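One file, structure_26.cif, is given below (mmCIF, C-alpha atoms (C1' of nucleotides)).
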data_query
#
loop_
_atom_site.label_atom_id
_atom_site.label_comp_id
_atom_site.auth_asym_id
_atom_site.auth_seq_id
_atom_site.Cartn_x
_atom_site.Cartn_y
_atom_site.Cartn_z
CA MET A 1 -1.06 -5.71 23.63
CA LYS A 2 -0.45 -6.22 19.91
CA LEU A 3 -0.72 -3.70 17.11
CA ALA A 4 -0.40 -4.51 13.41
CA SER A 5 -0.32 -2.73 10.06
CA TRP A 6 -1.14 -4.35 6.73
CA ASN A 7 -1.54 -3.02 3.21
CA VAL A 8 -4.11 -5.48 1.84
CA ASN A 9 -4.31 -4.21 -1.78
CA SER A 10 -8.13 -4.32 -1.99
CA LEU A 11 -10.12 -5.34 1.05
CA THR A 12 -12.82 -6.63 -1.28
CA ILE A 13 -10.47 -9.31 -2.58
CA ARG A 14 -8.52 -9.83 0.64
CA LEU A 15 -11.27 -9.85 3.30
CA PRO A 16 -11.28 -13.65 3.76
CA GLN A 17 -7.49 -13.61 4.24
CA VAL A 18 -7.68 -10.73 6.70
CA LEU A 19 -10.37 -12.50 8.77
CA THR A 20 -8.39 -15.75 8.76
CA TRP A 21 -5.23 -13.90 9.72
CA LEU A 22 -6.97 -12.15 12.63
CA GLN A 23 -8.01 -15.51 14.00
CA THR A 24 -4.45 -16.83 13.96
CA GLN A 25 -2.94 -13.48 15.01
CA PRO A 26 -5.54 -11.94 17.31
CA VAL A 27 -4.00 -8.47 17.51
CA ASP A 28 -5.70 -5.75 19.54
CA ALA A 29 -5.59 -3.27 16.68
CA LEU A 30 -5.05 -3.69 12.95
CA ALA A 31 -4.34 -0.73 10.67
CA LEU A 32 -5.34 -1.47 7.08
CA GLN A 33 -4.30 0.36 3.91
CA GLU A 34 -5.30 0.30 0.25
CA LEU A 35 -8.87 -0.78 0.87
CA LYS A 36 -9.92 0.33 -2.62
CA LEU A 37 -13.53 0.56 -1.53
CA THR A 38 -16.02 3.20 -0.41
CA ASP A 39 -17.21 3.50 3.20
CA ASP A 40 -20.60 1.97 2.39
CA LYS A 41 -18.83 -1.24 1.28
CA PHE A 42 -16.72 -1.63 4.41
CA PRO A 43 -17.45 -5.00 6.09
CA HIS A 44 -18.02 -3.76 9.66
CA GLN A 45 -20.18 -6.77 10.50
CA GLU A 46 -17.58 -9.35 9.52
CA PHE A 47 -15.06 -7.76 11.88
CA GLU A 48 -17.68 -7.35 14.59
CA ALA A 49 -18.34 -11.09 14.41
CA LEU A 50 -14.71 -11.60 15.46
CA GLY A 51 -15.06 -9.11 18.30
CA TYR A 52 -13.65 -6.01 16.62
CA HIS A 53 -14.84 -2.45 16.23
CA SER A 54 -13.87 -0.70 13.01
CA VAL A 55 -13.57 2.79 11.58
CA CYS A 56 -13.07 3.41 7.90
CA PHE A 57 -12.03 6.17 5.52
CA GLY A 58 -12.46 4.83 2.03
CA GLN A 59 -12.74 5.97 -1.55
CA LYS A 60 -13.47 4.36 -4.86
CA THR A 61 -10.75 2.39 -6.70
CA TYR A 62 -7.68 3.78 -4.92
CA ASN A 63 -6.33 4.36 -1.41
CA GLY A 64 -8.61 3.95 1.61
CA VAL A 65 -7.59 3.19 5.22
CA ALA A 66 -9.24 1.69 8.28
CA ILE A 67 -8.54 0.70 11.87
CA VAL A 68 -9.98 -2.48 13.32
CA SER A 69 -9.69 -2.67 17.11
CA ARG A 70 -10.78 -4.64 20.17
CA SER A 71 -11.72 -1.47 22.02
CA PRO A 72 -13.64 1.27 20.21
CA LEU A 73 -11.77 4.30 18.86
CA ARG A 74 -12.63 7.85 19.84
CA ASP A 75 -11.57 11.25 18.52
CA VAL A 76 -11.32 9.79 15.03
CA VAL A 77 -9.66 12.04 12.48
CA ARG A 78 -9.71 11.48 8.73
CA ASN A 79 -6.77 12.75 6.66
CA ILE A 80 -4.08 15.18 7.78
CA ALA A 81 -5.35 18.21 9.69
CA GLY A 82 -4.21 21.34 7.89
CA PHE A 83 -3.44 19.53 4.63
CA ASP A 84 -6.10 19.55 1.97
CA ASP A 85 -6.11 16.15 0.28
CA GLU A 86 -8.41 14.70 -2.36
CA GLN A 87 -7.24 11.18 -1.51
CA ALA A 88 -8.25 9.06 1.51
CA ARG A 89 -4.89 8.22 3.06
CA VAL A 90 -5.01 8.73 6.83
CA ILE A 91 -7.25 7.68 9.69
CA ALA A 92 -6.38 8.23 13.35
CA GLY A 93 -8.03 7.48 16.64
CA THR A 94 -7.52 7.03 20.37
CA MET A 95 -7.98 3.69 22.08
CA ASP A 96 -7.72 2.40 25.63
CA THR A 97 -5.06 -0.17 26.42
CA GLU A 98 -3.79 -1.91 29.55
CA PHE A 99 -1.24 0.91 29.89
CA GLY A 100 -3.61 3.80 29.17
CA GLU A 101 -4.60 5.78 26.11
CA LEU A 102 -2.89 5.11 22.81
CA ARG A 103 -3.13 7.46 19.84
CA LEU A 104 -2.91 5.48 16.62
CA ILE A 105 -2.25 7.19 13.29
CA ASN A 106 -2.63 4.97 10.24
CA GLY A 107 -1.34 6.21 6.90
CA TYR A 108 -1.19 5.04 3.33
CA PHE A 109 1.67 7.28 2.27
CA VAL A 110 1.90 8.56 -1.29
CA ASN A 111 3.78 6.28 -3.68
CA GLY A 112 5.37 9.08 -5.67
CA ASN A 113 6.01 7.19 -8.91
CA ALA A 114 9.46 8.63 -9.69
CA PRO A 115 11.59 11.61 -8.67
CA ALA A 116 10.89 14.86 -10.54
CA THR A 117 7.30 13.92 -11.36
CA GLU A 118 4.12 15.64 -10.22
CA LYS A 119 3.32 12.62 -8.05
CA PHE A 120 6.69 12.86 -6.36
CA GLU A 121 6.09 16.54 -5.61
CA TYR A 122 2.72 15.57 -4.11
CA LYS A 123 4.51 12.96 -1.99
CA MET A 124 6.90 15.62 -0.66
CA ARG A 125 4.08 18.06 0.14
CA TRP A 126 2.09 15.26 1.76
CA LEU A 127 5.04 14.23 3.93
CA SER A 128 5.56 17.85 5.05
CA GLY A 129 1.89 18.15 5.92
CA LEU A 130 2.01 14.89 7.86
CA HIS A 131 5.11 15.99 9.74
CA ASN A 132 3.51 19.25 10.88
CA TRP A 133 0.38 17.47 12.04
CA VAL A 134 2.17 14.58 13.77
CA ARG A 135 4.25 17.11 15.72
CA GLN A 136 1.03 18.51 17.19
CA GLU A 137 -0.42 15.05 17.79
CA ILE A 138 2.67 13.93 19.75
CA SER A 139 2.44 16.97 22.00
CA LEU A 140 -1.17 16.02 22.76
CA HIS A 141 -0.66 12.25 23.03
CA PRO A 142 2.53 10.98 24.68
CA ARG A 143 1.70 7.37 23.79
CA LEU A 144 1.47 7.59 19.99
CA ALA A 145 2.10 5.15 17.15
CA LEU A 146 2.43 6.21 13.52
CA VAL A 147 1.94 3.14 11.37
CA GLY A 148 1.24 2.19 7.79
CA ASP A 149 2.59 1.80 4.31
CA PHE A 150 5.19 4.58 4.25
CA ASN A 151 6.39 3.84 0.72
CA ILE A 152 9.90 4.67 1.95
CA ALA A 153 12.77 2.23 2.45
CA PRO A 154 14.52 4.18 5.23
CA GLU A 155 18.01 2.73 4.83
CA ASP A 156 20.04 0.72 2.33
CA ARG A 157 19.49 -2.44 4.37
CA ASP A 158 15.74 -2.03 3.78
CA SER A 159 16.15 -2.74 0.06
CA HIS A 160 17.12 -5.90 -1.81
CA ASP A 161 19.19 -3.79 -4.25
CA PRO A 162 20.28 -0.53 -2.62
CA GLU A 163 22.98 0.17 -5.21
CA GLY A 164 20.95 -0.61 -8.29
CA LEU A 165 17.95 1.32 -6.95
CA ARG A 166 19.89 4.27 -5.54
CA GLU A 167 17.90 7.53 -5.73
CA THR A 168 14.95 5.77 -7.36
CA ILE A 169 11.47 5.87 -5.83
CA HIS A 170 11.34 4.71 -2.16
CA HIS A 171 15.13 5.14 -2.02
CA THR A 172 15.70 8.84 -2.63
CA THR A 173 17.55 11.06 -0.17
CA GLU A 174 14.52 13.36 -0.08
CA GLU A 175 12.18 10.58 1.02
CA ARG A 176 14.67 9.30 3.57
CA ASP A 177 15.11 12.82 4.95
CA HIS A 178 11.35 13.01 5.46
CA PHE A 179 11.46 9.68 7.29
CA LYS A 180 14.29 10.97 9.50
CA ALA A 181 12.30 14.12 10.18
CA LEU A 182 9.45 11.99 11.52
CA LEU A 183 11.91 10.15 13.77
CA ALA A 184 13.24 13.53 14.93
CA LEU A 185 9.79 14.30 16.35
CA GLY A 186 10.57 11.68 18.97
CA LEU A 187 9.52 8.50 17.19
CA GLN A 188 11.46 5.26 16.82
CA ASP A 189 11.27 2.58 14.14
CA ALA A 190 9.90 -0.31 16.22
CA TYR A 191 11.36 -2.92 13.87
CA ARG A 192 14.89 -1.58 14.39
CA CYS A 193 14.55 -1.59 18.16
CA PHE A 194 15.36 -5.30 17.97
CA GLU A 195 17.87 -7.53 16.26
CA GLN A 196 16.43 -8.64 12.91
CA ALA A 197 17.47 -10.99 10.15
CA ASP A 198 19.31 -9.49 7.17
CA LYS A 199 17.14 -8.84 4.13
CA SER A 200 13.95 -8.33 6.12
CA PHE A 201 11.28 -6.89 3.85
CA SER A 202 7.55 -6.13 4.02
CA TRP A 203 6.75 -5.82 0.31
CA TRP A 204 7.66 -7.93 -2.72
CA ASP A 205 6.67 -7.27 -6.33
CA TYR A 206 4.15 -9.69 -7.77
CA ARG A 207 6.40 -10.13 -10.81
CA GLU A 208 9.43 -12.28 -11.45
CA MET A 209 8.88 -14.46 -8.38
CA ALA A 210 10.15 -11.61 -6.22
CA PHE A 211 8.84 -13.10 -2.99
CA ARG A 212 10.41 -16.50 -3.61
CA ARG A 213 13.72 -14.78 -4.38
CA ASN A 214 13.21 -12.37 -1.45
CA ARG A 215 13.67 -9.35 -3.68
CA GLY A 216 11.70 -6.89 -1.60
CA LEU A 217 11.62 -3.63 0.28
CA ARG A 218 10.85 -2.76 3.89
CA ILE A 219 8.41 0.08 3.40
CA ASP A 220 5.72 -0.74 5.99
CA HIS A 221 6.54 0.63 9.39
CA ILE A 222 5.44 1.07 12.98
CA LEU A 223 6.91 4.19 14.59
CA VAL A 224 6.47 4.60 18.33
CA SER A 225 6.86 7.53 20.70
CA ALA A 226 9.34 7.34 23.61
CA ALA A 227 6.62 6.44 26.12
CA LEU A 228 5.53 3.56 23.91
CA ARG A 229 9.09 2.47 23.20
CA ASP A 230 9.45 1.79 26.93
CA ARG A 231 6.63 -0.74 26.62
CA LEU A 232 7.73 -2.30 23.34
CA LYS A 233 8.56 -6.00 23.62
CA ALA A 234 8.93 -7.12 20.00
CA CYS A 235 8.37 -6.14 16.39
CA THR A 236 8.05 -8.65 13.57
CA ILE A 237 7.00 -9.00 9.95
CA ASP A 238 4.63 -11.91 9.32
CA ARG A 239 5.54 -13.31 5.92
CA ALA A 240 2.98 -16.13 6.14
CA PRO A 241 0.08 -14.35 4.39
CA ARG A 242 2.38 -13.49 1.46
CA LYS A 243 2.46 -17.25 0.78
CA ASN A 244 -1.33 -17.43 0.40
CA GLU A 245 -2.97 -18.00 -2.91
CA ARG A 246 -3.73 -14.52 -4.33
CA PRO A 247 -1.85 -12.65 -1.60
CA SER A 248 -1.43 -8.95 -1.02
CA ASP A 249 2.01 -7.81 -2.17
CA HIS A 250 2.60 -6.55 1.41
CA ALA A 251 3.05 -8.53 4.63
CA PRO A 252 1.72 -7.38 8.02
CA VAL A 253 4.04 -5.74 10.55
CA ILE A 254 3.28 -6.51 14.20
CA ALA A 255 4.40 -4.68 17.34
CA GLU A 256 3.96 -6.19 20.78
CA PHE A 257 3.84 -4.11 23.95
"C1'" DA B 1 12.91 -3.19 -21.39
"C1'" DT B 2 7.60 1.13 -23.14
"C1'" DG B 3 8.37 -5.66 -20.17
"C1'" DA B 4 6.93 -8.74 -16.03
"C1'" DC B 5 1.81 -9.09 -11.87
"C1'" DG B 6 -2.47 -7.94 -9.85
"C1'" DG B 7 -6.65 -4.89 -8.73
"C1'" DT B 8 -10.15 -1.66 -10.44
"C1'" DG B 9 -13.22 0.24 -13.71
"C1'" DT B 10 -14.29 -0.16 -17.89
"C1'" DG B 11 -14.66 -2.27 -21.99
"C1'" DG B 12 -12.19 -5.52 -25.49
"C1'" DC B 13 -8.36 -2.11 -22.81
"C1'" DA B 14 -6.01 1.89 -19.63
"C1'" DC B 15 -4.37 3.25 -15.24
"C1'" DC B 16 -2.07 2.60 -11.04
"C1'" DG B 17 0.87 0.57 -7.69
"C1'" DA B 18 6.09 0.00 -5.90
#
Could you show the structure in this file as structure tokens?
Amino acid sequence: MKLASWNVNSLTIRLPQVLTWLQTQPVDALALQELKLTDDKFPHQEFEALGYHSVCFGQKTYNGVAIVSRSPLRDVVRNIAGFDDEQARVIAGTMDTEFGELRLINGYFVNGNAPATEKFEYKMRWLSGLHNWVRQEISLHPRLALVGDFNIAPEDRDSHDPEGLRETIHHTTEERDHFKALLALGLQDAYRCFEQADKSFSWWDYREMAFRRNRGLRIDHILVSAALRDRLKACTIDRAPRKNERPSDHAPVIAEF
DNA sequence: ATGACGGTGTGGCACCGA
């Protein structure tokens, strides 16, 4: 069973790439972020033609998340329960797998702009709200995965320039403490459950040939509960779509169980 | 370096992302 997460930076622009990718990487579930479209524009039929169900939580221009899956999702929740949010950033659902029910939470975490800004404060509140809700979700669903664009580089090795970018956005102690707090709920960073190459990243700036120079960040993550960790066989980042013409700035992360 | 690139919505640019 394969599960993937991909920030596509506009599904309108990226749909052909996503469909092509699904045919070469036929994952069982794909969590998408930054759709930048409203629910009425979501291409359910195109995914259905490839044998996928889909649930969407979109909004105009910014944000927007969806889950595309081989088996239909039930108990779908949009946004964080108990946290009032104007922005469409979370969609969760339960799916059947060969090893039983899996609760999948897909998030497009707040960017936060820069420390000591209003957006950063929103990011901190959002992360606290997520933490409180995920704690409840884990108690209800032993097999749980929290995936998405976290907009946090958890450790120095997850950044191309940890010294130069110290305490800047994605690298602050506050953000990393929030990430650790999520792990403390009983989740593990699937990517770090395996030996990985140095300078493994999931996002590269469009500017200054950052991808070619591998100046990136690892900010897209798949966190798994203990029961799922027992089933986890591999976790990889697929850099191939970042080499496409007009790519997303993010690459998909894939976990195999 | 108030930069760069790319998407959206709008409108001849501004805003946002990371």
Exercise for review: Quick one: apply the PyMOL selection byres ((chain A and resi 35-40) around 12) to the file and drop the selected residues here as a ChimeraX atom specification.
Suggested key: /A:6-15,18,31-34,41-45,54-67,87-90,107-108,248 /B:7-9,16-17
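What separates atom CA of A:Ser202 from atom CA of A:Gly216 is a distance of 7.0 Å.
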Practice item. Using only C-alpha atoms (C1' of nucleotides), give me every residue within 10 Å of (-5.4, 7.1, 25.8) in file coordinates, as a VMD selection string. Key: chain A and resid 73 to 74 93 to 104 141 to 144
Can you write just those residues out, C-alpha atoms, as a tab-separated table (two decimals), in the coordinates of the input?
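Here's the written file result_17.tsv:
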chain	number	residue	atom	x	y	z
A	73	LEU	CA	-11.77	4.30	18.86
A	74	ARG	CA	-12.63	7.85	19.84
A	93	GLY	CA	-8.03	7.48	16.64
A	94	THR	CA	-7.52	7.03	20.37
A	95	MET	CA	-7.98	3.69	22.08
A	96	ASP	CA	-7.72	2.40	25.63
A	97	THR	CA	-5.06	-0.17	26.42
A	98	GLU	CA	-3.79	-1.91	29.55
A	99	PHE	CA	-1.24	0.91	29.89
A	100	GLY	CA	-3.61	3.80	29.17
A	101	GLU	CA	-4.60	5.78	26.11
A	102	LEU	CA	-2.89	5.11	22.81
A	103	ARG	CA	-3.13	7.46	19.84
A	104	LEU	CA	-2.91	5.48	16.62
A	141	HIS	CA	-0.66	12.25	23.03
A	142	PRO	CA	2.53	10.98	24.68
A	143	ARG	CA	1.70	7.37	23.79
A	144	LEU	CA	1.47	7.59	19.99
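You can rank A:Ala251, A:Val110, A:Leu185, A:Ile237 by their closest distance to chain B using all atoms listed in the file, and at the top of that list sits A:Val110.
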I'd like to see the residues matched by the PyMOL selection byres ((chain A and resi 158) around 7) on this file, and ideally I'd get them as a short mmCIF file (atom, residue, chain, number, x, y, z; two decimals) with C-alpha atoms, keeping the file's coordinate frame.
data_model
loop_
_atom_site.label_atom_id
_atom_site.label_comp_id
_atom_site.auth_asym_id
_atom_site.auth_seq_id
_atom_site.Cartn_x
_atom_site.Cartn_y
_atom_site.Cartn_z
CA ALA A 153 12.77 2.23 2.45
CA PRO A 154 14.52 4.18 5.23
CA GLU A 155 18.01 2.73 4.83
CA ASP A 156 20.04 0.72 2.33
CA ARG A 157 19.49 -2.44 4.37
CA SER A 159 16.15 -2.74 0.06
CA HIS A 160 17.12 -5.90 -1.81
CA LYS A 199 17.14 -8.84 4.13
CA SER A 200 13.95 -8.33 6.12
CA PHE A 201 11.28 -6.89 3.85
CA LEU A 217 11.62 -3.63 0.28
CA ARG A 218 10.85 -2.76 3.89
#
Practice item. Starting from the shown file, work through the PyMOL selection byres ((chain B and resi 2-6) around 9) and note down what comes out as a PyMOL selection string. Key: (chain A and resi 205-208+246+248-249) or (chain B and resi 1+7)
Could you pull stretch 176-197 of chain A out of the block above and save it with C-alpha atoms, as a PDB file, in the first residue's frame?
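Output file out-v5.pdb is given in full below:
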ATOM      1  CA  ARG A 176      10.536  22.978  15.370  1.00  0.00           C
ATOM      2  CA  ASP A 177       9.086  22.691  18.870  1.00  0.00           C
ATOM      3  CA  HIS A 178       5.623  22.404  17.339  1.00  0.00           C
ATOM      4  CA  PHE A 179       6.900  19.666  15.034  1.00  0.00           C
ATOM      5  CA  LYS A 180       8.402  17.826  18.024  1.00  0.00           C
ATOM      6  CA  ALA A 181       5.110  18.196  19.881  1.00  0.00           C
ATOM      7  CA  LEU A 182       3.347  16.403  17.031  1.00  0.00           C
ATOM      8  CA  LEU A 183       5.928  13.604  17.219  1.00  0.00           C
ATOM      9  CA  ALA A 184       5.369  13.452  20.985  1.00  0.00           C
ATOM     10  CA  LEU A 185       1.752  12.466  20.313  1.00  0.00           C
ATOM     11  CA  GLY A 186       3.150   9.151  19.116  1.00  0.00           C
ATOM     12  CA  LEU A 187       3.984   9.948  15.503  1.00  0.00           C
ATOM     13  CA  GLN A 188       7.205   9.264  13.626  1.00  0.00           C
ATOM     14  CA  ASP A 189       8.722  11.026  10.637  1.00  0.00           C
ATOM     15  CA  ALA A 190       8.464   8.240   8.044  1.00  0.00           C
ATOM     16  CA  TYR A 191      11.340   9.648   5.984  1.00  0.00           C
ATOM     17  CA  ARG A 192      13.721   9.407   8.940  1.00  0.00           C
ATOM     18  CA  CYS A 193      12.763   5.826   9.686  1.00  0.00           C
ATOM     19  CA  PHE A 194      15.182   4.869   6.906  1.00  0.00           C
ATOM     20  CA  GLU A 195      18.683   5.740   5.833  1.00  0.00           C
ATOM     21  CA  GLN A 196      18.518   8.656   3.388  1.00  0.00           C
ATOM     22  CA  ALA A 197      20.979  10.557   1.244  1.00  0.00           C
TER      23      ALA A 197
END
